[in-house]
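File shown: entry24.txt (compact mmCIF, C-alpha atoms and all ligand atoms).
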```
# COMPACT_ATOMS: atom_id res chain seq x y z
CA MET A 1 -6.53 20.09 -8.07
CA THR A 2 -5.85 17.22 -5.71
CA SER A 3 -2.93 14.86 -5.82
CA VAL A 4 -3.99 11.21 -6.08
CA ALA A 5 -1.53 8.35 -5.62
CA LEU A 6 -2.58 4.74 -6.00
CA THR A 7 -1.38 1.52 -7.52
CA ILE A 8 -2.79 0.36 -10.83
CA ASN A 9 -1.83 -3.07 -12.11
CA GLY A 10 1.20 -3.10 -9.85
CA GLU A 11 2.49 0.30 -10.98
CA ASP A 12 2.40 3.58 -9.09
CA ALA A 13 -0.15 5.97 -10.58
CA ILE A 14 0.13 9.55 -9.40
CA ALA A 15 -1.67 12.55 -10.87
CA ASP A 16 -3.11 15.91 -9.89
CA VAL A 17 -6.81 15.80 -10.71
CA GLU A 18 -10.04 17.64 -10.01
CA PRO A 19 -11.68 16.26 -6.85
CA ARG A 20 -14.76 15.40 -8.93
CA MET A 21 -12.88 13.14 -11.34
CA HIS A 22 -14.13 9.56 -11.16
CA LEU A 23 -11.86 6.57 -11.08
CA ALA A 24 -12.71 5.48 -14.63
CA ASP A 25 -11.55 8.82 -16.04
CA PHE A 26 -8.47 8.69 -13.85
CA ILE A 27 -7.62 5.25 -15.25
CA ARG A 28 -8.35 6.16 -18.86
CA GLU A 29 -7.16 9.74 -19.06
CA THR A 30 -4.18 9.91 -16.73
CA GLN A 31 -2.91 6.35 -17.23
CA ASN A 32 -4.07 5.74 -20.81
CA LEU A 33 -5.56 2.38 -19.80
CA THR A 34 -8.54 2.37 -22.12
CA GLY A 35 -9.65 -1.20 -21.47
CA THR A 36 -11.96 0.18 -18.78
CA HIS A 37 -15.07 1.25 -20.69
CA LEU A 38 -17.72 3.81 -19.88
CA GLY A 39 -21.35 3.15 -20.76
CA CYS A 40 -24.00 4.74 -18.61
CA GLU A 41 -21.70 6.66 -16.23
CA HIS A 42 -24.18 6.32 -13.43
CA GLY A 43 -23.55 2.89 -12.03
CA VAL A 44 -26.05 0.81 -13.98
CA CYS A 45 -24.34 -0.99 -16.86
CA GLY A 46 -21.15 -2.36 -15.23
CA ALA A 47 -18.96 -1.60 -18.27
CA CYS A 48 -16.55 0.33 -16.04
CA THR A 49 -16.03 -2.44 -13.45
CA VAL A 50 -12.51 -2.70 -12.03
CA LEU A 51 -11.07 -4.28 -8.88
CA VAL A 52 -10.30 -1.97 -5.98
CA ASP A 53 -8.33 -3.83 -3.34
CA GLY A 54 -9.60 -7.03 -4.95
CA VAL A 55 -13.29 -6.08 -4.89
CA PRO A 56 -15.30 -5.35 -8.09
CA VAL A 57 -16.22 -1.67 -8.16
CA ARG A 58 -18.04 0.57 -10.62
CA SER A 59 -15.33 3.07 -11.38
CA CYS A 60 -17.75 5.60 -12.89
CA ILE A 61 -19.32 6.26 -9.49
CA THR A 62 -16.12 6.04 -7.46
CA TYR A 63 -14.17 9.23 -6.94
CA ALA A 64 -10.48 8.88 -7.78
CA VAL A 65 -9.56 10.84 -4.65
CA SER A 66 -11.37 8.29 -2.50
CA CYS A 67 -9.02 5.62 -3.84
CA THR A 68 -5.82 7.18 -2.55
CA ASN A 69 -3.42 4.33 -1.69
CA ALA A 70 -5.81 1.71 -3.05
CA VAL A 71 -4.66 -1.14 -5.24
CA VAL A 72 -6.60 -1.08 -8.48
CA THR A 73 -6.64 -3.82 -11.11
CA THR A 74 -8.05 -3.14 -14.54
CA ILE A 75 -8.65 -5.60 -17.34
CA GLU A 76 -5.10 -4.91 -18.58
CA GLY A 77 -3.78 -6.14 -15.22
CA LEU A 78 -5.46 -9.52 -15.72
CA ASP A 79 -3.43 -10.47 -18.81
CA ASN A 80 -1.67 -13.28 -16.95
CA ASP A 81 -4.42 -14.04 -14.48
CA GLU A 82 -5.30 -17.73 -14.52
CA ILE A 83 -9.08 -17.30 -14.19
CA ALA A 84 -9.20 -14.42 -16.67
CA LYS A 85 -7.33 -16.56 -19.21
CA GLU A 86 -9.85 -19.38 -18.79
CA LEU A 87 -12.72 -16.93 -19.10
CA ARG A 88 -11.31 -15.30 -22.25
CA SER A 89 -11.06 -18.61 -24.05
CA ALA A 90 -14.53 -19.64 -22.83
CA PHE A 91 -15.97 -16.31 -24.08
CA SER A 92 -14.43 -16.97 -27.51
CA ARG A 93 -15.61 -20.57 -27.61
CA GLU A 94 -19.16 -19.72 -26.52
CA HIS A 95 -19.48 -16.60 -28.72
CA ALA A 96 -20.04 -14.53 -25.58
CA LEU A 97 -19.29 -11.20 -27.21
CA GLN A 98 -20.27 -9.28 -30.29
CA CYS A 99 -19.09 -5.66 -30.22
CA GLY A 100 -17.08 -6.37 -27.05
CA TYR A 101 -17.92 -3.09 -25.36
CA CYS A 102 -19.24 -4.73 -22.18
CA THR A 103 -16.61 -7.47 -22.18
CA PRO A 104 -13.91 -5.96 -19.88
CA GLY A 105 -16.48 -5.30 -17.14
CA MET A 106 -18.11 -8.70 -17.76
CA LEU A 107 -14.77 -10.48 -17.39
CA ILE A 108 -13.93 -8.73 -14.13
CA SER A 109 -17.34 -9.49 -12.61
CA ALA A 110 -17.25 -13.06 -13.96
CA ARG A 111 -13.81 -13.61 -12.48
CA ASP A 112 -15.10 -12.61 -9.04
CA LEU A 113 -18.02 -15.00 -9.45
CA VAL A 114 -15.76 -17.86 -10.57
CA LEU A 115 -13.72 -17.36 -7.41
CA ARG A 116 -16.63 -17.65 -5.03
CA ALA A 117 -19.45 -19.65 -6.70
CA ALA A 118 -19.91 -23.05 -5.08
CA ASP A 119 -21.07 -24.65 -8.33
CA ALA A 120 -22.10 -23.78 -11.86
CA ASP A 121 -25.74 -23.15 -11.05
CA GLU A 122 -27.26 -21.23 -13.96
CA ARG A 123 -29.66 -19.16 -11.89
CA ALA A 124 -26.91 -18.17 -9.42
CA ILE A 125 -24.72 -17.12 -12.36
CA ARG A 126 -27.54 -15.03 -13.86
CA VAL A 127 -28.03 -13.31 -10.51
CA GLY A 128 -24.28 -12.92 -10.00
CA MET A 129 -23.81 -11.31 -13.43
CA SER A 130 -26.98 -9.21 -13.30
CA GLY A 131 -25.02 -6.03 -12.61
CA ASN A 132 -23.43 -6.14 -16.04
CA LEU A 133 -25.48 -5.25 -19.10
CA CYS A 134 -24.73 -6.26 -22.68
CA ARG A 135 -26.45 -4.07 -25.25
CA CYS A 136 -25.74 -6.69 -27.91
CA THR A 137 -27.76 -9.04 -25.66
CA GLY A 138 -25.31 -11.92 -25.84
CA TYR A 139 -26.34 -13.18 -22.45
CA LEU A 140 -26.76 -16.85 -23.32
CA GLY A 141 -23.16 -17.15 -24.50
CA ILE A 142 -21.91 -15.23 -21.45
CA ILE A 143 -23.78 -17.49 -19.03
CA ARG A 144 -22.52 -20.60 -20.82
CA ALA A 145 -18.94 -19.32 -20.74
CA VAL A 146 -18.99 -18.51 -17.01
CA GLN A 147 -20.78 -21.76 -16.27
CA SER A 148 -18.18 -23.81 -18.12
CA VAL A 149 -15.25 -22.17 -16.31
CA ILE A 150 -16.81 -22.71 -12.87
CA ALA A 151 -17.71 -26.32 -13.70
CA GLU A 152 -14.25 -27.07 -15.05
CA ARG A 153 -12.46 -25.55 -12.05
CA ARG A 154 -14.64 -27.41 -9.56
CA ARG A 155 -14.06 -30.60 -11.57
CA ARG A 156 -10.30 -30.03 -11.22
CA GLY A 157 -10.79 -29.75 -7.46
CA VAL A 158 -10.31 -25.97 -7.22
CA ALA A 159 -12.46 -25.06 -4.23
CA PRO A 160 -14.58 -21.89 -4.15
CA LEU A 161 -13.52 -19.11 -1.84
CA PRO A 162 -16.55 -18.06 0.19
CA GLY A 163 -17.18 -14.37 -0.43
CA ALA A 164 -14.17 -14.44 -2.80
CA GLY A 165 -12.03 -14.37 0.33
CA ARG A 166 -13.55 -11.15 1.71
CA LYS A 167 -13.94 -11.37 5.46
CA THR A 168 -15.23 -7.99 6.54
CA LEU A 169 -18.24 -5.92 5.69
CA GLY A 170 -17.76 -2.44 4.34
CA PRO A 171 -17.38 -0.49 1.14
CA ALA A 172 -15.26 -1.85 -1.66
CA GLY A 173 -11.65 -1.62 -0.66
CA ALA A 174 -12.48 -1.61 3.05
CA SER A 175 -10.76 -4.91 3.51
CA SER A 176 -7.65 -4.94 1.45
CA LYS A 177 -6.32 -7.93 3.36
CA ALA A 178 -9.31 -9.91 2.23
CA SER A 179 -8.47 -9.22 -1.36
CA ALA A 180 -4.98 -10.52 -1.17
CA SER A 181 -5.43 -14.25 -1.05
CA PRO A 182 -7.92 -14.87 -3.84
CA VAL A 183 -6.21 -12.62 -6.29
CA ALA A 184 -2.79 -13.91 -5.51
CA SER A 185 -3.92 -17.49 -5.76
CA ALA A 186 -5.69 -16.90 -9.02
CA GLN A 187 -2.52 -15.38 -10.39
CA GLY A 188 -0.66 -18.63 -9.99
CA GLY A 189 1.67 -17.01 -7.49
CA ARG A 190 1.89 -13.55 -9.04
CA PRO A 191 -0.11 -11.27 -6.79
CA ILE A 192 -1.70 -8.45 -8.68
CA ALA A 193 -3.89 -6.90 -6.03
CA ASP A 194 -2.21 -7.89 -2.81
CA THR A 195 -2.39 -4.58 -1.02
CA ALA A 196 0.11 -5.47 1.62
CA SER A 197 2.71 -6.73 -0.78
CA ILE A 198 2.28 -4.13 -3.48
CA SER A 199 1.74 -0.96 -1.53
CA ALA A 200 4.26 -1.91 1.08
CA ARG A 201 6.85 -3.29 -1.28
CA THR A 202 10.22 -1.73 -1.49
CA GLU A 203 10.77 -0.31 -4.90
CA SER A 204 13.65 1.30 -6.62
CA LEU A 205 13.88 4.80 -5.28
CA ALA A 206 15.72 6.02 -8.36
CA ASP A 207 12.70 7.87 -9.71
CA TRP A 208 11.09 8.57 -6.36
CA LYS A 209 11.18 12.09 -4.97
CA PRO A 210 10.65 12.59 -1.25
CA GLN A 211 8.10 15.18 -0.25
CA SER A 212 10.42 16.46 2.48
CA THR A 213 13.98 15.86 3.57
CA PHE A 214 15.92 16.80 6.65
CA GLU A 215 19.08 15.93 8.52
CA GLN A 216 19.55 14.79 12.09
CA SER A 217 22.60 13.79 14.05
CA PHE A 218 23.25 12.30 17.42
CA ALA A 219 26.13 10.88 19.40
CA VAL A 220 26.42 7.46 20.99
CA HIS A 221 29.07 7.33 23.69
CA GLN A 222 30.53 4.05 22.51
CA PRO A 223 33.38 3.24 20.07
CA LEU A 224 32.71 3.39 16.34
CA GLU A 225 33.09 -0.36 15.65
CA ALA A 226 30.76 -1.31 18.51
CA VAL A 227 28.06 1.03 17.23
CA TRP A 228 28.57 -0.11 13.63
CA ASN A 229 28.21 -3.77 14.60
CA PHE A 230 25.13 -2.96 16.62
CA PHE A 231 23.55 -1.24 13.60
CA GLY A 232 23.92 -4.53 11.73
CA GLN A 233 21.65 -6.34 14.22
CA LEU A 234 18.26 -5.40 12.88
CA ALA A 235 16.11 -6.85 15.66
CA GLU A 236 18.22 -4.98 18.23
CA VAL A 237 17.97 -1.73 16.29
CA ALA A 238 14.19 -2.12 15.90
CA ALA A 239 13.87 -2.75 19.64
CA CYS A 240 15.41 0.67 20.29
CA LEU A 241 12.78 2.49 18.21
CA PRO A 242 9.53 3.17 20.11
CA GLY A 243 6.66 1.35 18.40
CA ALA A 244 8.83 -0.56 15.91
CA SER A 245 9.25 -4.32 15.57
CA LEU A 246 10.18 -6.91 12.98
CA THR A 247 7.30 -9.14 11.95
CA GLY A 248 8.92 -11.66 9.66
CA GLU A 249 12.14 -13.36 8.69
CA SER A 250 14.51 -11.11 6.80
CA GLN A 251 15.22 -12.21 3.25
CA GLY A 252 18.64 -11.12 2.08
CA ASN A 253 18.75 -7.41 2.70
CA THR A 254 14.96 -7.03 2.95
CA VAL A 255 13.16 -6.96 6.28
CA ILE A 256 9.48 -6.99 7.13
CA GLY A 257 8.23 -4.98 10.06
CA LYS A 258 5.65 -2.72 11.55
CA MET A 259 5.50 0.56 13.40
CA ARG A 260 2.68 1.70 15.65
CA VAL A 261 2.14 5.44 15.79
CA LYS A 262 -0.43 7.49 17.68
CA VAL A 263 -1.04 11.14 16.89
CA GLY A 264 -3.90 12.57 18.92
CA PRO A 265 -6.98 10.51 18.07
CA ILE A 266 -5.37 8.82 15.08
CA ALA A 267 -3.68 5.49 15.71
CA ALA A 268 -1.92 3.80 12.86
CA GLU A 269 0.01 0.60 12.44
CA PHE A 270 2.24 0.75 9.40
CA HIS A 271 3.16 -2.63 7.95
CA GLY A 272 5.81 -2.73 5.30
CA THR A 273 9.17 -3.80 4.07
CA ALA A 274 12.53 -2.13 4.02
CA GLU A 275 15.68 -2.70 2.08
CA ILE A 276 18.92 -2.29 3.94
CA THR A 277 22.37 -1.57 2.54
CA ARG A 278 25.60 -1.31 4.50
CA ASN A 279 29.08 -0.27 3.51
CA ASP A 280 31.69 -1.51 5.99
CA ALA A 281 34.44 0.56 4.42
CA THR A 282 32.71 3.89 4.91
CA HIS A 283 30.55 2.94 7.92
CA SER A 284 27.53 4.18 6.04
CA GLY A 285 24.30 2.66 4.89
CA SER A 286 20.73 3.23 3.90
CA ILE A 287 17.28 1.98 4.84
CA SER A 288 14.61 2.49 2.21
CA GLY A 289 11.10 1.24 2.53
CA SER A 290 7.42 1.82 2.53
CA GLY A 291 4.47 0.90 4.68
CA ARG A 292 0.76 1.26 4.91
CA ASP A 293 -1.82 1.40 7.66
CA GLN A 294 -4.82 -0.70 6.69
CA ARG A 295 -7.33 1.13 8.87
CA SER A 296 -6.58 4.78 8.22
CA THR A 297 -5.13 4.15 4.72
CA SER A 298 -2.22 6.39 5.62
CA ALA A 299 0.89 5.31 3.77
CA THR A 300 4.48 6.31 3.93
CA ARG A 301 7.61 5.82 1.95
CA GLY A 302 11.00 6.96 3.00
CA ILE A 303 14.73 6.61 2.86
CA VAL A 304 17.26 7.12 5.62
CA ASN A 305 20.92 7.47 4.69
CA TYR A 306 23.25 7.27 7.65
CA ARG A 307 26.93 7.62 8.34
CA LEU A 308 28.93 6.86 11.46
CA MET A 309 32.08 8.76 12.35
CA ALA A 310 34.45 8.53 15.29
CA ALA A 311 34.33 11.68 17.41
CA ASP A 312 37.34 13.10 19.30
CA ASP A 313 35.99 12.08 22.69
CA GLY A 314 35.79 8.40 21.69
CA ALA A 315 32.05 8.60 21.00
CA THR A 316 30.44 7.90 17.65
CA LYS A 317 28.63 10.60 15.74
CA VAL A 318 25.71 9.34 13.65
CA THR A 319 24.44 11.59 10.87
CA LEU A 320 21.10 10.83 9.24
CA THR A 321 19.54 12.24 6.09
CA VAL A 322 15.84 11.45 6.00
CA GLY A 323 13.55 11.77 3.00
CA TYR A 324 9.90 10.80 3.24
CA ARG A 325 6.43 11.07 1.79
CA LEU A 326 3.29 10.59 3.86
CA THR A 327 -0.19 10.23 2.38
CA GLY A 328 -3.64 9.67 3.86
CA PRO A 329 -5.08 11.07 7.10
CA LEU A 330 -1.70 11.28 8.83
CA ALA A 331 -0.34 13.44 6.00
CA GLN A 332 -1.82 16.47 7.76
CA PHE A 333 1.00 16.12 10.28
CA SER A 334 3.75 15.86 7.68
CA ARG A 335 4.97 19.47 7.60
CA SER A 336 8.71 19.18 7.46
CA ASP A 337 9.54 21.48 10.40
CA LEU A 338 7.17 19.57 12.68
CA MET A 339 8.34 16.19 11.42
CA GLN A 340 11.92 17.28 11.91
CA ASP A 341 11.20 18.26 15.49
CA ILE A 342 9.37 14.99 16.15
CA ALA A 343 12.17 13.03 14.49
CA GLY A 344 14.71 14.88 16.64
CA ARG A 345 12.96 13.74 19.81
CA LEU A 346 12.52 10.21 18.45
CA VAL A 347 16.20 10.06 17.57
CA THR A 348 17.18 11.20 21.09
CA THR A 349 15.16 8.31 22.58
CA PHE A 350 16.68 5.93 20.03
CA ALA A 351 20.22 7.06 20.89
CA GLN A 352 19.59 6.62 24.62
CA ASN A 353 18.26 3.11 24.03
CA VAL A 354 21.23 2.19 21.80
CA GLU A 355 23.66 3.42 24.46
CA ALA A 356 21.86 1.49 27.17
CA ARG A 357 21.98 -1.71 25.12
CA LEU A 358 25.64 -1.28 24.27
CA ARG A 359 26.47 -0.67 27.94
CA GLY A 360 24.70 -3.93 28.71
CA ASP A 361 22.06 -2.22 30.83
CA PRO A 362 18.85 -4.18 31.23
CA ALA A 363 16.83 -3.68 28.09
CA PRO A 364 14.39 -0.81 28.53
CA ALA A 365 10.75 -1.86 28.20
CA GLN A 366 9.94 -1.07 24.61
CA ALA A 367 7.09 1.36 24.04
CA SER A 368 4.34 -0.49 22.19
CA GLU A 369 3.69 2.56 20.04
CA LEU A 370 5.26 5.84 19.13
CA ARG A 371 3.11 8.40 20.89
CA ALA A 372 3.74 11.19 18.45
CA GLY A 373 0.82 13.18 19.84
CA THR A 374 2.72 14.69 22.72
CA LEU A 375 5.75 15.23 20.50
CA PHE A 376 3.54 16.77 17.86
CA PHE A 377 1.84 19.24 20.17
CA ALA A 378 5.12 20.19 21.84
CA ALA A 379 6.66 20.77 18.42
CA LEU A 380 3.61 22.74 17.27
CA ALA A 381 3.73 24.94 20.37
CA ARG A 382 7.42 25.60 19.79
CA THR A 383 6.80 26.53 16.14
CA ILE A 384 3.96 28.91 17.06
CA LYS A 385 6.10 30.51 19.77
CA MET A 386 8.97 31.05 17.33
CA ARG A 387 6.64 32.60 14.77
CA ILE A 388 5.09 34.98 17.32
CA SER A 389 8.58 35.97 18.48
CA ARG A 390 9.59 36.65 14.89
CA LEU A 391 6.41 38.66 14.26
CA PHE A 392 6.97 40.94 17.23
CA GLY A 393 10.74 41.07 16.89
CA ARG A 394 11.31 39.28 20.19
S1 LIG B 1 -20.33 3.15 -16.95
FE1 LIG B 1 -20.16 2.65 -14.88
S2 LIG B 1 -21.87 1.40 -14.48
FE2 LIG B 1 -22.15 2.08 -16.52
S1 LIG B 2 -20.95 -7.52 -26.63
FE1 LIG B 2 -21.65 -5.58 -27.24
S2 LIG B 2 -22.34 -4.70 -25.43
FE2 LIG B 2 -21.89 -6.69 -24.85
```
Can you give me the file's structure in the form of structure tokens?
Amino acid sequence: MTSVALTINGEDAIADVEPRMHLADFIRETQNLTGTHLGCEHGVCGACTVLVDGVPVRSCITYAVSCTNAVVTTIEGLDNDEIAKELRSAFSREHALQCGYCTPGMLISARDLVLRAADADERAIRVGMSGNLCRCTGYLGIIRAVQSVIAERRRRGVAPLPGAGRKTLGPAGASSKASASPVASAQGGRPIADTASISARTESLADWKPQSTFEQSFAVHQPLEAVWNFFGQLAEVAACLPGASLTGESQGNTVIGKMRVKVGPIAAEFHGTAEITRNDATHSGSISGSGRDQRSTSATRGIVNYRLMAADDGATKVTLTVGYRLTGPLAQFSRSDLMQDIAGRLVTTFAQNVEARLRGDPAPAQASELRAGTLFFAALARTIKMRISRLFGR
């Protein structure tokens, strides 16, 4: 069994499945979303069409495991979608369905066409919808319905989005950024397949279980209040973390940022949001957030609880409890002992940078990325050495 975690209609969908399970079965059987229909099960009829990162995909020939971290939208997720609403009423008006079996797939394909078609040209619509078969042969009504929605939208001045907003070539889901704008705009402001905003959003962590947790502590040789105030300056704190930076205005207690990480040949740039809480009375706080790398599809979610305490020598002791989950290609490096070792070294650099800033030293040039490769291999070597010592009693 393989663990698959993705987002369906804005909700996390996680299940252990056979690697051979296709996305349609994953949607229907593990999530009970039966609006996605199965006809031919070999990619011909289009009944199983869903959106993966905003792109129509035949879910019967898409492995669920290949969609890890993807943002999937099924017909149920288009309940409040502006174009889908217009299409549903046009389908009713034009008698574009009989048994309705093909209709969910038809609507999803038609919605994509409505987004990008320049005008309501009948031949272009026939070609555009040719990947969806209706065994009740209600094609005339379907064409009329799609035609009327395109014509009406263009009449209202709604411009087509060339390529439905997709800007890069590649398999469905290869360009999740491209999917964001058309879907969000068609939702009337409610993004349903905006990869960046959904997968990187900060959610309630109440029902979220980290894959691994560990503790770290370090000392900053500065008074407690000075360190506490410094921790409240998010841009300053981010500048002390190799590879980290803020990328947008903070909104309330939510910040937007990115972190560049390089492990061996894998380079990732995690974009995401984090929610920050601070308790002045106890000098403690938390940072919880999630992020995703668009290229490698690695994703992470984590929470850091921290507490500051005055030490006897006038320094400040900072204790961190870190919980995290890492998925995608970088997950192979997520073993907790290795991560703990890497985090320990990262934290040492962070502490040195914080001290330097608080002393008023010239700001150290910030590393443009966290080169975890060297940390990783040093940590791995240390772990192997410890295990050999244990094995031979030395
Ligand atoms: S069921 Fe997927 S294309 Fe027919
Ligand atoms: S309406 Fe029956 S298959 Fe299309």
List all protein, DNA and RNA residues that have any atom at most 7 Å from ligand LIG 1 (chain B), counting only C-alpha atoms and all ligand atoms, and write the list as a ChimeraX atom specification. /A:37-49,58-61
In Å, how far is it from CA of Glu355 (chain A) to CA of Val220 (chain A)?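 Computed distance, CA of Glu355 (chain A) to CA of Val220 (chain A), equals 6.0 Å.
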Can you tell me which residues come within 8 Å of ligand LIG 2 (chain B) when counting all atoms listed in the file, ideally as a list in words?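 Protein and nucleic-acid residues within 8 Å of ligand LIG 2 (chain B): Ala96, Leu97, Gln98, Cys99, Gly100, Tyr101, Cys102, Thr103, Leu133, Cys134, Arg135, Cys136, Thr137 and Gly138 of chain A.
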Long-range neighbours of Lys317 (chain A) as a ChimeraX atom specification, 8 Å cut-off, all atoms listed in the file, 2 positions minimum in chain: /A:217-220,308-311,315,319
Go ahead and compute the interatomic distance for CA of Ile142 (chain A) and CA of Val158 (chain A), in Å to one decimal.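 Straight-line distance from CA of Ile142 (chain A) to CA of Val158 (chain A) works out to 21.3 Å.
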Shell around Gly128 (chain A) at 10 Å using all atoms listed in the file, local window under 3 positions removed, as a ChimeraX atom specification: /A:109-110,112-114,117,122-125,131-132
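With all atoms listed in the file as the atoms that count, the residue of A:Asp313, A:Ile8, A:Pro19, A:Leu115 with the shortest distance to Thr74 (chain A) is A:Ile8.
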